[in-house]
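Asks: My structure is in query-v3.cif, and what it holds is mmCIF, C-alpha atoms:
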data_query
#
loop_
_atom_site.label_atom_id
_atom_site.label_comp_id
_atom_site.auth_asym_id
_atom_site.auth_seq_id
_atom_site.Cartn_x
_atom_site.Cartn_y
_atom_site.Cartn_z
CA MET N 568 0.00 0.00 0.00
CA ARG N 569 2.05 2.94 -1.26
CA VAL N 570 0.87 6.18 0.32
CA SER N 571 1.72 9.85 0.18
CA ILE N 572 0.37 13.17 1.42
CA LYS N 573 0.90 16.55 -0.18
CA PHE N 574 3.55 18.37 1.84
CA LEU N 575 4.26 15.13 3.72
CA THR N 576 6.31 12.13 2.74
CA VAL N 577 5.08 8.92 4.31
CA VAL N 578 7.53 6.04 4.30
CA PHE N 579 5.65 2.77 4.00
CA TYR N 580 7.04 -0.29 5.64
CA GLN N 581 5.62 -3.78 5.85
CA LEU N 582 5.55 -4.96 9.44
CA LEU N 583 4.69 -8.52 8.59
CA GLY N 584 3.36 -10.63 5.75
CA TYR N 585 1.49 -13.76 6.69
CA SER N 586 -1.08 -16.29 5.57
CA GLY N 587 -3.48 -16.64 8.47
CA ILE N 588 -7.15 -16.98 9.08
CA HIS N 589 -8.01 -15.25 5.81
CA GLY N 590 -6.42 -17.98 3.70
CA PHE N 591 -4.30 -15.62 1.59
CA GLU N 592 -1.30 -13.36 1.97
CA THR N 593 -2.01 -10.29 4.10
CA GLU N 594 0.14 -7.41 5.31
CA PHE N 595 0.00 -4.72 7.96
CA PHE N 596 -0.05 -0.99 7.40
CA PRO N 597 0.05 1.28 10.49
CA ILE N 598 -1.86 4.56 10.66
CA PHE N 599 -0.72 6.16 13.91
CA MET N 600 -0.72 9.67 15.30
CA PRO N 601 2.77 11.14 14.63
CA ASN N 602 3.77 11.57 18.29
CA VAL N 603 1.31 14.38 18.98
CA LYS N 604 1.13 16.34 22.23
CA PRO N 605 -2.37 17.77 22.75
CA THR N 606 -2.54 20.39 25.49
CA LYS N 607 -6.28 21.21 25.64
CA PRO N 608 -8.86 18.77 27.04
CA GLU N 609 -11.44 17.45 24.54
CA THR N 610 -9.09 17.92 21.57
CA TYR N 611 -9.87 16.07 18.33
CA LEU N 612 -6.88 15.52 16.03
CA CYS N 613 -6.76 14.01 12.53
CA THR N 614 -3.89 12.67 10.45
CA PRO N 615 -4.49 11.86 6.74
CA VAL N 616 -2.88 9.25 4.53
CA ARG N 617 -3.04 9.32 0.72
CA VAL N 618 -3.71 5.86 -0.71
CA ASP N 619 -2.03 4.83 -3.98
CA PRO N 620 -4.51 5.84 -6.73
CA THR N 621 -3.07 3.29 -9.15
CA GLN N 622 -3.69 0.19 -7.02
CA GLU N 623 -6.74 -1.20 -5.20
CA TYR N 624 -6.24 -2.56 -1.70
CA TYR N 625 -8.68 -4.63 0.36
CA ILE N 626 -8.77 -4.10 4.12
CA VAL N 627 -9.77 -7.31 5.93
CA GLY N 628 -8.95 -6.47 9.55
CA PHE N 629 -8.03 -3.82 12.12
CA GLU N 630 -5.60 -4.02 15.04
CA PRO N 631 -5.85 -1.04 17.41
CA ASN N 632 -2.82 0.55 19.04
CA ALA N 633 -4.47 2.56 21.83
CA THR N 634 -5.64 2.52 25.44
CA MET N 635 -8.67 4.23 26.95
CA ASP N 636 -6.39 5.97 29.47
CA VAL N 637 -5.06 8.08 26.59
CA ALA N 638 -7.61 8.00 23.75
CA HIS N 639 -11.31 8.49 24.47
CA HIS N 640 -12.18 7.07 21.06
CA MET N 641 -10.84 6.73 17.50
CA LEU N 642 -12.53 6.80 14.11
CA LEU N 643 -11.02 5.83 10.77
CA TYR N 644 -12.63 7.62 7.84
CA GLY N 645 -12.43 6.86 4.15
CA CYS N 646 -12.45 10.10 2.15
CA THR N 647 -12.34 11.20 -1.44
CA MET N 648 -10.63 14.35 -0.12
CA PRO N 649 -9.51 15.03 3.48
CA GLY N 650 -10.39 18.12 5.46
CA GLN N 651 -6.74 19.20 5.36
CA THR N 652 -3.54 17.82 3.85
CA GLU N 653 -1.36 18.76 6.83
CA GLU N 654 0.30 15.98 8.80
CA VAL N 655 -1.99 16.76 11.77
CA TYR N 656 -4.97 19.11 12.08
CA ASN N 657 -7.87 19.94 14.42
CA CYS N 658 -10.94 18.08 13.21
CA ASN N 659 -14.07 18.48 15.26
CA GLU N 660 -16.46 21.23 14.27
CA MET N 661 -18.56 20.64 17.41
CA SER N 662 -15.67 21.46 19.76
CA SER N 663 -13.85 24.71 20.49
CA ALA N 664 -10.92 22.83 22.08
CA ASN N 665 -8.57 23.32 19.16
CA GLN N 666 -4.85 22.68 19.44
CA PRO N 667 -2.99 25.99 18.94
CA GLY N 668 -0.86 26.25 15.82
CA LEU N 669 -2.81 23.69 13.79
CA LYS N 670 -5.25 24.21 10.94
CA ASN N 671 -8.92 23.30 11.35
CA GLY N 672 -11.02 21.05 9.15
CA SER N 673 -13.50 18.20 9.09
CA PRO N 674 -12.15 14.65 8.81
CA CYS N 675 -13.32 14.56 5.17
CA ALA N 676 -13.92 17.47 2.81
CA LYS N 677 -15.57 15.16 0.26
CA GLY N 678 -16.81 11.58 0.09
CA SER N 679 -16.95 10.77 3.81
CA GLN N 680 -17.54 7.26 5.13
CA ILE N 681 -16.68 5.55 8.42
CA ILE N 682 -14.53 2.45 8.02
CA TYR N 683 -13.63 1.63 11.63
CA ALA N 684 -14.38 2.85 15.16
CA TRP N 685 -12.77 2.06 18.52
CA ALA N 686 -13.22 2.95 22.19
CA ARG N 687 -12.86 1.51 25.71
CA ASP N 688 -10.01 -0.89 24.92
CA ALA N 689 -11.87 -2.76 22.18
CA PRO N 690 -9.79 -5.63 20.71
CA LYS N 691 -8.68 -6.52 17.20
CA LEU N 692 -11.33 -6.98 14.50
CA ASN N 693 -11.18 -9.45 11.61
CA LEU N 694 -13.80 -9.26 8.86
CA PRO N 695 -15.56 -12.43 7.63
CA ASN N 696 -13.89 -14.41 4.85
CA GLY N 697 -14.28 -12.77 1.47
CA VAL N 698 -15.36 -9.40 2.94
CA ALA N 699 -13.21 -6.26 2.63
CA PHE N 700 -13.18 -2.48 2.47
CA LYS N 701 -11.86 -1.51 -0.94
CA VAL N 702 -9.57 1.56 -0.93
CA GLY N 703 -7.29 3.28 -3.43
CA GLY N 704 -7.33 2.69 -7.18
CA ASN N 705 -10.71 3.52 -8.70
CA SER N 706 -12.57 3.42 -5.36
CA GLN N 707 -14.15 6.40 -3.66
CA VAL N 708 -11.63 6.09 -0.82
CA GLN N 709 -8.53 7.98 -1.91
CA TYR N 710 -7.50 9.03 1.61
CA LEU N 711 -7.66 7.36 4.99
CA VAL N 712 -8.05 9.79 7.90
CA LEU N 713 -7.48 8.77 11.52
CA GLN N 714 -9.34 10.85 14.10
CA VAL N 715 -8.47 10.58 17.81
CA HIS N 716 -10.42 12.24 20.62
CA TYR N 717 -8.24 13.22 23.59
CA ALA N 718 -10.66 13.92 26.45
CA ASP N 719 -7.98 14.03 29.19
CA VAL N 720 -4.60 15.55 28.28
CA SER N 721 -2.97 15.47 31.73
CA THR N 722 -0.43 12.84 30.67
CA PHE N 723 0.81 15.21 27.96
CA VAL N 724 0.73 18.42 30.00
CA GLU N 725 2.08 17.07 33.29
CA ASP N 726 4.40 14.30 32.09
CA GLY N 727 5.45 15.73 28.71
CA LYS N 728 4.58 12.52 26.87
CA THR N 729 3.58 12.25 23.23
CA ASP N 730 1.06 9.90 21.62
CA ASP N 731 1.08 7.49 18.70
CA SER N 732 -2.41 6.01 19.10
CA GLY N 733 -3.84 4.53 15.94
CA VAL N 734 -4.71 1.35 14.11
CA SER N 735 -2.84 -1.15 11.95
CA LEU N 736 -4.73 -2.17 8.84
CA ILE N 737 -4.63 -5.80 7.76
CA TYR N 738 -4.93 -5.76 3.99
CA THR N 739 -4.37 -7.66 0.78
CA GLU N 740 -4.03 -6.80 -2.89
CA GLU N 741 -6.15 -9.84 -3.77
CA PRO N 742 -9.69 -8.72 -4.77
CA GLN N 743 -12.45 -9.89 -2.43
CA PRO N 744 -15.94 -10.80 -3.65
CA LYS N 745 -17.92 -8.93 -0.96
CA ALA N 746 -17.84 -5.20 -0.18
CA ALA N 747 -17.83 -4.13 3.47
CA GLY N 748 -19.57 -1.00 4.62
CA VAL N 749 -20.58 0.85 7.78
CA TYR N 750 -23.98 2.48 8.17
CA PHE N 751 -24.11 5.07 10.95
CA LEU N 752 -27.19 6.12 12.92
CA GLY N 753 -27.07 9.14 15.24
CA THR N 754 -29.20 11.85 16.78
CA ASN N 755 -29.22 15.46 17.86
CA GLY N 756 -31.40 16.64 20.76
CA PHE N 757 -31.00 16.98 24.52
CA ILE N 758 -31.64 15.17 27.82
CA PRO N 759 -33.56 17.06 30.52
CA PRO N 760 -32.19 17.11 34.08
CA LYS N 761 -33.07 14.24 36.43
CA SER N 762 -34.69 12.16 33.70
CA THR N 763 -34.62 9.06 31.53
CA GLU N 764 -34.66 9.96 27.85
CA PHE N 765 -34.83 7.97 24.62
CA MET N 766 -32.71 9.27 21.75
CA GLU N 767 -33.99 7.61 18.58
CA SER N 768 -33.23 7.55 14.87
CA ALA N 769 -34.72 5.76 11.87
CA CYS N 770 -34.10 5.88 8.12
CA ARG N 771 -35.45 3.93 5.16
CA ILE N 772 -33.13 2.07 2.78
CA THR N 773 -33.89 3.51 -0.67
CA GLU N 774 -31.26 1.70 -2.76
CA ASN N 775 -31.97 -1.57 -4.58
CA VAL N 776 -29.52 -3.66 -2.52
CA VAL N 777 -29.33 -6.67 -0.21
CA LEU N 778 -27.23 -6.03 2.89
CA HIS N 779 -25.91 -8.73 5.18
CA PRO N 780 -25.21 -7.23 8.63
CA PHE N 781 -22.53 -9.07 10.57
CA ALA N 782 -21.37 -6.70 13.33
CA PHE N 783 -22.51 -3.65 15.28
CA ARG N 784 -21.00 -1.13 17.65
CA VAL N 785 -22.53 1.37 20.08
CA HIS N 786 -21.24 4.64 21.50
CA THR N 787 -22.42 7.11 24.12
CA HIS N 788 -20.72 9.13 26.81
CA SER N 789 -21.45 8.62 30.52
CA LEU N 790 -25.28 8.79 30.53
CA GLY N 791 -25.88 5.87 28.15
CA ARG N 792 -27.34 2.68 29.62
CA VAL N 793 -28.53 0.69 26.59
CA VAL N 794 -28.09 1.23 22.84
CA SER N 795 -30.16 -0.95 20.52
CA GLY N 796 -30.53 -1.29 16.76
CA TYR N 797 -33.29 -2.89 14.66
CA ARG N 798 -34.37 -3.75 11.15
CA VAL N 799 -37.99 -2.72 10.78
CA ARG N 800 -40.01 -4.27 7.97
CA ARG N 801 -43.56 -3.07 7.31
CA GLY N 802 -46.11 -5.68 6.30
CA LEU N 803 -48.93 -5.31 3.81
CA ASN N 804 -51.27 -4.73 6.75
CA GLY N 805 -49.21 -1.73 7.85
CA LYS N 806 -47.83 -3.49 10.92
CA ASP N 807 -44.13 -3.05 11.62
CA LYS N 808 -42.08 -6.16 12.43
CA TRP N 809 -38.98 -5.40 14.49
CA ASN N 810 -35.90 -7.65 14.21
CA LEU N 811 -33.09 -7.00 16.68
CA ILE N 812 -29.70 -6.37 15.10
CA GLY N 813 -28.01 -5.95 18.44
CA LYS N 814 -27.92 -4.05 21.73
CA LYS N 815 -25.24 -3.39 24.32
CA ASN N 816 -24.41 -1.46 27.43
CA PRO N 817 -22.21 1.36 26.06
CA MET N 818 -20.09 1.33 29.22
CA ARG N 819 -18.66 -2.02 28.11
CA PRO N 820 -15.76 -2.17 25.60
CA GLN N 821 -17.03 -0.37 22.51
CA MET N 822 -15.97 -2.97 19.98
CA PHE N 823 -17.82 -4.37 16.97
CA TYR N 824 -19.91 -7.27 18.28
CA PRO N 825 -21.52 -10.03 16.17
CA VAL N 826 -25.15 -9.30 15.30
CA GLU N 827 -27.79 -10.95 17.49
CA ASN N 828 -29.77 -12.40 14.58
CA GLU N 829 -28.88 -13.29 11.01
CA MET N 830 -30.94 -11.32 8.52
CA THR N 831 -30.84 -9.37 5.30
CA ILE N 832 -31.70 -5.71 4.85
CA GLU N 833 -33.38 -4.77 1.60
CA LYS N 834 -34.92 -1.81 -0.18
CA ASP N 835 -37.73 -0.16 1.85
CA ASP N 836 -36.56 -1.74 5.12
CA ILE N 837 -36.03 0.75 7.94
CA LEU N 838 -32.97 0.85 10.17
CA ALA N 839 -33.74 2.18 13.65
CA SER N 840 -31.68 2.80 16.78
CA ARG N 841 -32.34 3.95 20.34
CA CYS N 842 -30.06 5.15 23.13
CA THR N 843 -31.56 4.97 26.61
CA MET N 844 -30.03 7.80 28.62
CA VAL N 845 -30.30 8.23 32.40
CA SER N 846 -29.33 11.61 33.84
CA ASP N 847 -28.93 12.51 37.52
CA ARG N 848 -27.58 15.90 36.51
CA THR N 849 -29.31 19.11 37.51
CA ARG N 850 -28.76 20.61 34.06
CA ILE N 851 -29.72 19.88 30.48
CA THR N 852 -27.26 17.62 28.62
CA ARG N 853 -27.00 18.25 24.88
CA ILE N 854 -25.48 16.26 22.04
CA GLY N 855 -21.89 17.44 21.64
CA ALA N 856 -18.22 16.55 21.38
CA THR N 857 -17.07 16.64 25.02
CA ASN N 858 -17.58 14.39 28.04
CA GLU N 859 -19.88 17.05 29.46
CA ASP N 860 -22.11 16.46 26.45
CA GLU N 861 -23.58 13.25 25.09
CA MET N 862 -23.55 11.20 21.90
CA CYS N 863 -25.95 8.54 20.64
CA ASN N 864 -24.34 6.42 17.94
CA PHE N 865 -25.10 3.01 16.45
CA TYR N 866 -22.73 1.59 13.82
CA LEU N 867 -23.88 -1.25 11.58
CA MET N 868 -21.17 -3.14 9.70
CA TYR N 869 -22.42 -5.16 6.73
CA TRP N 870 -21.35 -6.86 3.53
CA MET N 871 -22.93 -6.94 0.09
CA HIS N 872 -21.98 -8.56 -3.18
CA GLY N 873 -19.74 -6.41 -5.36
CA THR N 874 -16.93 -4.00 -4.61
CA GLU N 875 -18.74 -0.80 -3.54
CA PRO N 876 -20.94 -0.31 -0.44
CA LEU N 877 -24.14 1.70 -0.03
CA LYS N 878 -24.13 5.22 -1.41
CA SER N 879 -26.08 6.38 1.64
CA LYS N 880 -23.94 5.98 4.75
CA TYR N 881 -25.47 8.16 7.47
CA CYS N 882 -28.83 8.48 9.25
CA PHE N 883 -29.46 11.44 11.57
CA THR N 884 -32.57 12.73 13.34
CA MET N 885 -33.30 15.83 15.40
CA GLY N 886 -33.62 13.66 18.50
CA PRO N 887 -35.65 14.46 21.61
CA PRO N 888 -37.90 16.29 22.13
CA PHE N 889 -38.38 16.88 18.38
CA TYR N 890 -38.19 13.33 17.01
CA ARG N 891 -39.55 10.05 18.33
CA TRP N 892 -39.94 6.64 16.71
CA GLY N 893 -43.71 6.96 16.97
CA ARG N 894 -43.93 10.36 15.32
CA GLY N 895 -42.01 12.54 12.88
CA GLY N 896 -41.21 12.02 9.23
CA LEU N 897 -41.13 8.22 9.53
CA PRO N 898 -43.64 7.17 12.25
CA LEU N 899 -43.20 3.57 13.37
CA ASN N 900 -45.66 1.25 15.11
CA HIS N 901 -45.60 -1.81 17.36
CA ILE N 902 -42.46 -0.38 18.98
CA PRO N 903 -40.69 -2.81 21.39
CA GLU N 904 -40.52 -0.20 24.15
CA LYS N 905 -39.30 -2.45 26.97
CA GLU N 906 -37.00 -4.66 24.90
CA ALA N 907 -35.24 -1.70 23.25
CA SER N 908 -34.22 -0.25 26.62
CA SER N 909 -33.21 -3.34 28.59
CA ILE N 910 -30.32 -5.79 28.45
#
Have the structure of the file written as structure tokens, please.
Replies:
Amino acid sequence: MRVSIKFLTVVFYQLLGYSGIHGFETEFFPIFMPNVKPTKPETYLCTPVRVDPTQEYYIVGFEPNATMDVAHHMLLYGCTMPGQTEEVYNCNEMSSANQPGLKNGSPCAKGSQIIYAWARDAPKLNLPNGVAFKVGGNSQVQYLVLQVHYADVSTFVEDGKTDDSGVSLIYTEEPQPKAAGVYFLGTNGFIPPKSTEFMESACRITENVVLHPFAFRVHTHSLGRVVSGYRVRRGLNGKDKWNLIGKKNPMRPQMFYPVENEMTIEKDDILASRCTMVSDRTRITRIGATNEDEMCNFYLMYWMHGTEPLKSKYCFTMGPPFYRWGRGGLPLNHIPEKEASSI
């Protein structure tokens, strides 16, 4: 995987080539933070890598190099164009905690998709046989951008340490028959003080595809208790049938877990998620980038036949009190109220 960045020369080295569980030759490519030293709490930093545009590569696994003591969470984006071409830049538009002396930008300026997410000491992830994220060459992913959220920077300020958190990609040049993708569901909204609140999202699949979900991941900050995701299929009688994709306590390691039930997702199916939030705070808690705020995220990892994933990759709603599953632009029925909020 030859890579380069404008104004930055990246020297590629192969850590190891092996024939393992995938049944073909694979290699590692590390995407790590270049020994950064954030000095402001709640800093989000990005580092971009240009993928060789003359060669397709197929990512079949991810091995994190991070601990939750240092990195609150990490996201790996696939971009057509990155937000900046600097070696490191500030990259969260929701946060004012920008590192002095660095440029600002979003993770992707064009063609954004999430490829991998990590938090709370989640372990290595291997994709199913024959499934891969295609990058480089004629794919839409011409850059890989690593984003790391540094909530606590005391180890850098007090001890003078630097950080190289990141992820090693396990990849091959051998084409794979199934395209991997990540579909992201999230909300806006707020949580009233001293309350239990449901933050919900739902979007209809409008493309003529058949998706095979195989893993899911959840993410909240400290108020999350349960995050659940469903495929909703409406019958001819107008009744919604809810099939559980998966649910987890977001305070557990935020890894990609196997789906609870095997299923396919097809055109006109609805993907829906709920975060059950419990607040003992005496103030309103809004969706935002810091630990004082909240997030409600459900990531669905799937495969489909071919080499390119869904064109639509994100589903957002206004969240509470403006959007609920039972009302809004896509009102749902026969909602599994108790099941969706319990483990």
Asks: Expand the PyMOL selection byres ((chain N and resi 641) around 9) into the individual residues it matches in the shown file, reporting them as number ranges by chain.
Replies: N: 633, 638-640, 642-643, 683-686, 713-716, 732-734
Asks: Between atom CA of His872 of chain N and atom CA of Ala699 of chain N, what is the spacing in Å?
Replies: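 A separation of 10.8 Å between them.
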Asks: List the residues matched by the PyMOL selection byres ((chain N and resi 678) around 12) in the displayed structure as a ChimeraX atom specification, ordered by chain and then by residue number.
Replies: /N:644-650,673-677,679-681,706-712,878-881
Asks: What lies within 6 Å of segment 845-859 of chain N using all atoms listed in the file, ignoring chain neighbours under 6 positions off, as number ranges by chain?
Replies: N: 609, 661-662, 755, 757-763, 790
Asks: Name the residues within 7 Å of (-4.2, 13.2, 6.1), counting only C-alpha atoms in the file's coordinates, and put them as a list of chain:residue names.
Replies: N:Ile572, N:Cys613, N:Thr614, N:Pro615, N:Val616, N:Arg617, N:Pro649, N:Gln651, N:Thr652, N:Glu653, N:Glu654, N:Tyr710, N:Leu711, N:Val712
Asks: List, as a PyMOL selection string, every residue that the PyMOL selection byres ((chain N and resi 739) around 9) selects in the file provided.
Replies: chain N and resi 568+591-595+624-627+737-738+740-743
Asks: Hey, which of N:His901, N:Arg891, N:Arg792, N:Met822 ends up closest to Asn810 of chain N? Count all atoms listed in the file.
Replies: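 Among the listed residues, the smallest separation from Asn810 of chain N belongs to N:His901.
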Asks: Under the rule that only C-alpha atoms are counted, which of N:Leu838, N:Met766, N:Met868, N:Cys658 is the nearest residue to Val793 of chain N?
Replies: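 Among the listed residues, the smallest separation from Val793 of chain N belongs to N:Met766.
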Asks: Distance atom CA of Ala769 of chain N-atom CA of Pro820 of chain N, one decimal place?
Replies: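 About the pair atom CA of Ala769 of chain N and atom CA of Pro820 of chain N: they are 24.7 Å apart.
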Asks: Using only C-alpha atoms for the distances, tell me which of N:Met871, N:Glu767, N:Asn864, N:Thr884 is nearest to Ile902 of chain N.
Replies: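 Smallest separation from Ile902 of chain N among the options: N:Glu767.
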Asks: Using the file's own x, y and z axes, so that the box edges lie along x, y and z, what centre and edge lengths in Å (one decimal) does a box around every listed atom of segment 802-815 of chain N get when 5 Å is added on each side? Give it as lines of an AutoDock Vina configuration file.
Replies:
center_x = -38.3
center_y = -4.7
center_z = 14.1
size_x = 36.0
size_y = 15.9
size_z = 30.5
Asks: Which residues are close to Leu897 of chain N, i.e. within 12 Å by only C-alpha atoms, leaving aside same-chain residues fewer than 2 positions away? Reply as a tab-separated table (two decimals) with C-alpha atoms, in the frame of the given file.
Replies:
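Heads up, here's the output in out-v3.tsv:
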chain	number	residue	atom	x	y	z
N	767	GLU	CA	-33.99	7.61	18.58
N	768	SER	CA	-33.23	7.55	14.87
N	769	ALA	CA	-34.72	5.76	11.87
N	770	CYS	CA	-34.10	5.88	8.12
N	771	ARG	CA	-35.45	3.93	5.16
N	799	VAL	CA	-37.99	-2.72	10.78
N	801	ARG	CA	-43.56	-3.07	7.31
N	807	ASP	CA	-44.13	-3.05	11.62
N	835	ASP	CA	-37.73	-0.16	1.85
N	836	ASP	CA	-36.56	-1.74	5.12
N	837	ILE	CA	-36.03	0.75	7.94
N	838	LEU	CA	-32.97	0.85	10.17
N	839	ALA	CA	-33.74	2.18	13.65
N	884	THR	CA	-32.57	12.73	13.34
N	890	TYR	CA	-38.19	13.33	17.01
N	891	ARG	CA	-39.55	10.05	18.33
N	892	TRP	CA	-39.94	6.64	16.71
N	893	GLY	CA	-43.71	6.96	16.97
N	894	ARG	CA	-43.93	10.36	15.32
N	895	GLY	CA	-42.01	12.54	12.88
N	899	LEU	CA	-43.20	3.57	13.37
N	900	ASN	CA	-45.66	1.25	15.11
Asks: From the list N:Leu612, N:Met844, N:Val776, N:Val618, which residue is nearest Val655 of chain N when using all atoms listed in the file?
Replies: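 Selected residue with least distance to Val655 of chain N: N:Leu612.
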Asks: Work out how far apart atom CA of Glu725 of chain N and atom CA of Asn659 of chain N are and give it in Å to one decimal.
Replies: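 Calculated distance between atom CA of Glu725 of chain N and atom CA of Asn659 of chain N is 24.2 Å.
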Asks: Considering only C-alpha atoms, can you say which of N:Thr634, N:Tyr717, N:Asn705, N:Gly753 comes closest to Met885 of chain N?
Replies: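 Of N:Thr634, N:Tyr717, N:Asn705, N:Gly753, the one nearest Met885 of chain N, counting only C-alpha atoms, is N:Gly753.
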Asks: Which residue gives the smallest distance to Ala782 of chain N among N:Leu867, N:Lys834, N:Lys745, N:Glu861, with only C-alpha atoms counted?
Replies: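 Ranked by minimum distance to Ala782 of chain N, first place goes to N:Leu867.
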Asks: If we count all atoms listed in the file, what is near Thr787 of chain N at a cut-off of 7 Å, once residues fewer than 2 positions away on the same chain are taken out, given as a list of chain:residue names?
Replies: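 My list of contacting residues is N:Ser789, N:Gly791, N:Pro817, N:Glu861, N:Met862, N:Cys863, N:Asn864.
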Asks: Contacts of Glu904 of chain N at 10 Å or less, counting only C-alpha atoms, minus same-chain residues fewer than 4 places along, as a PyMOL selection string?
Replies: chain N and resi 765+841+908-909
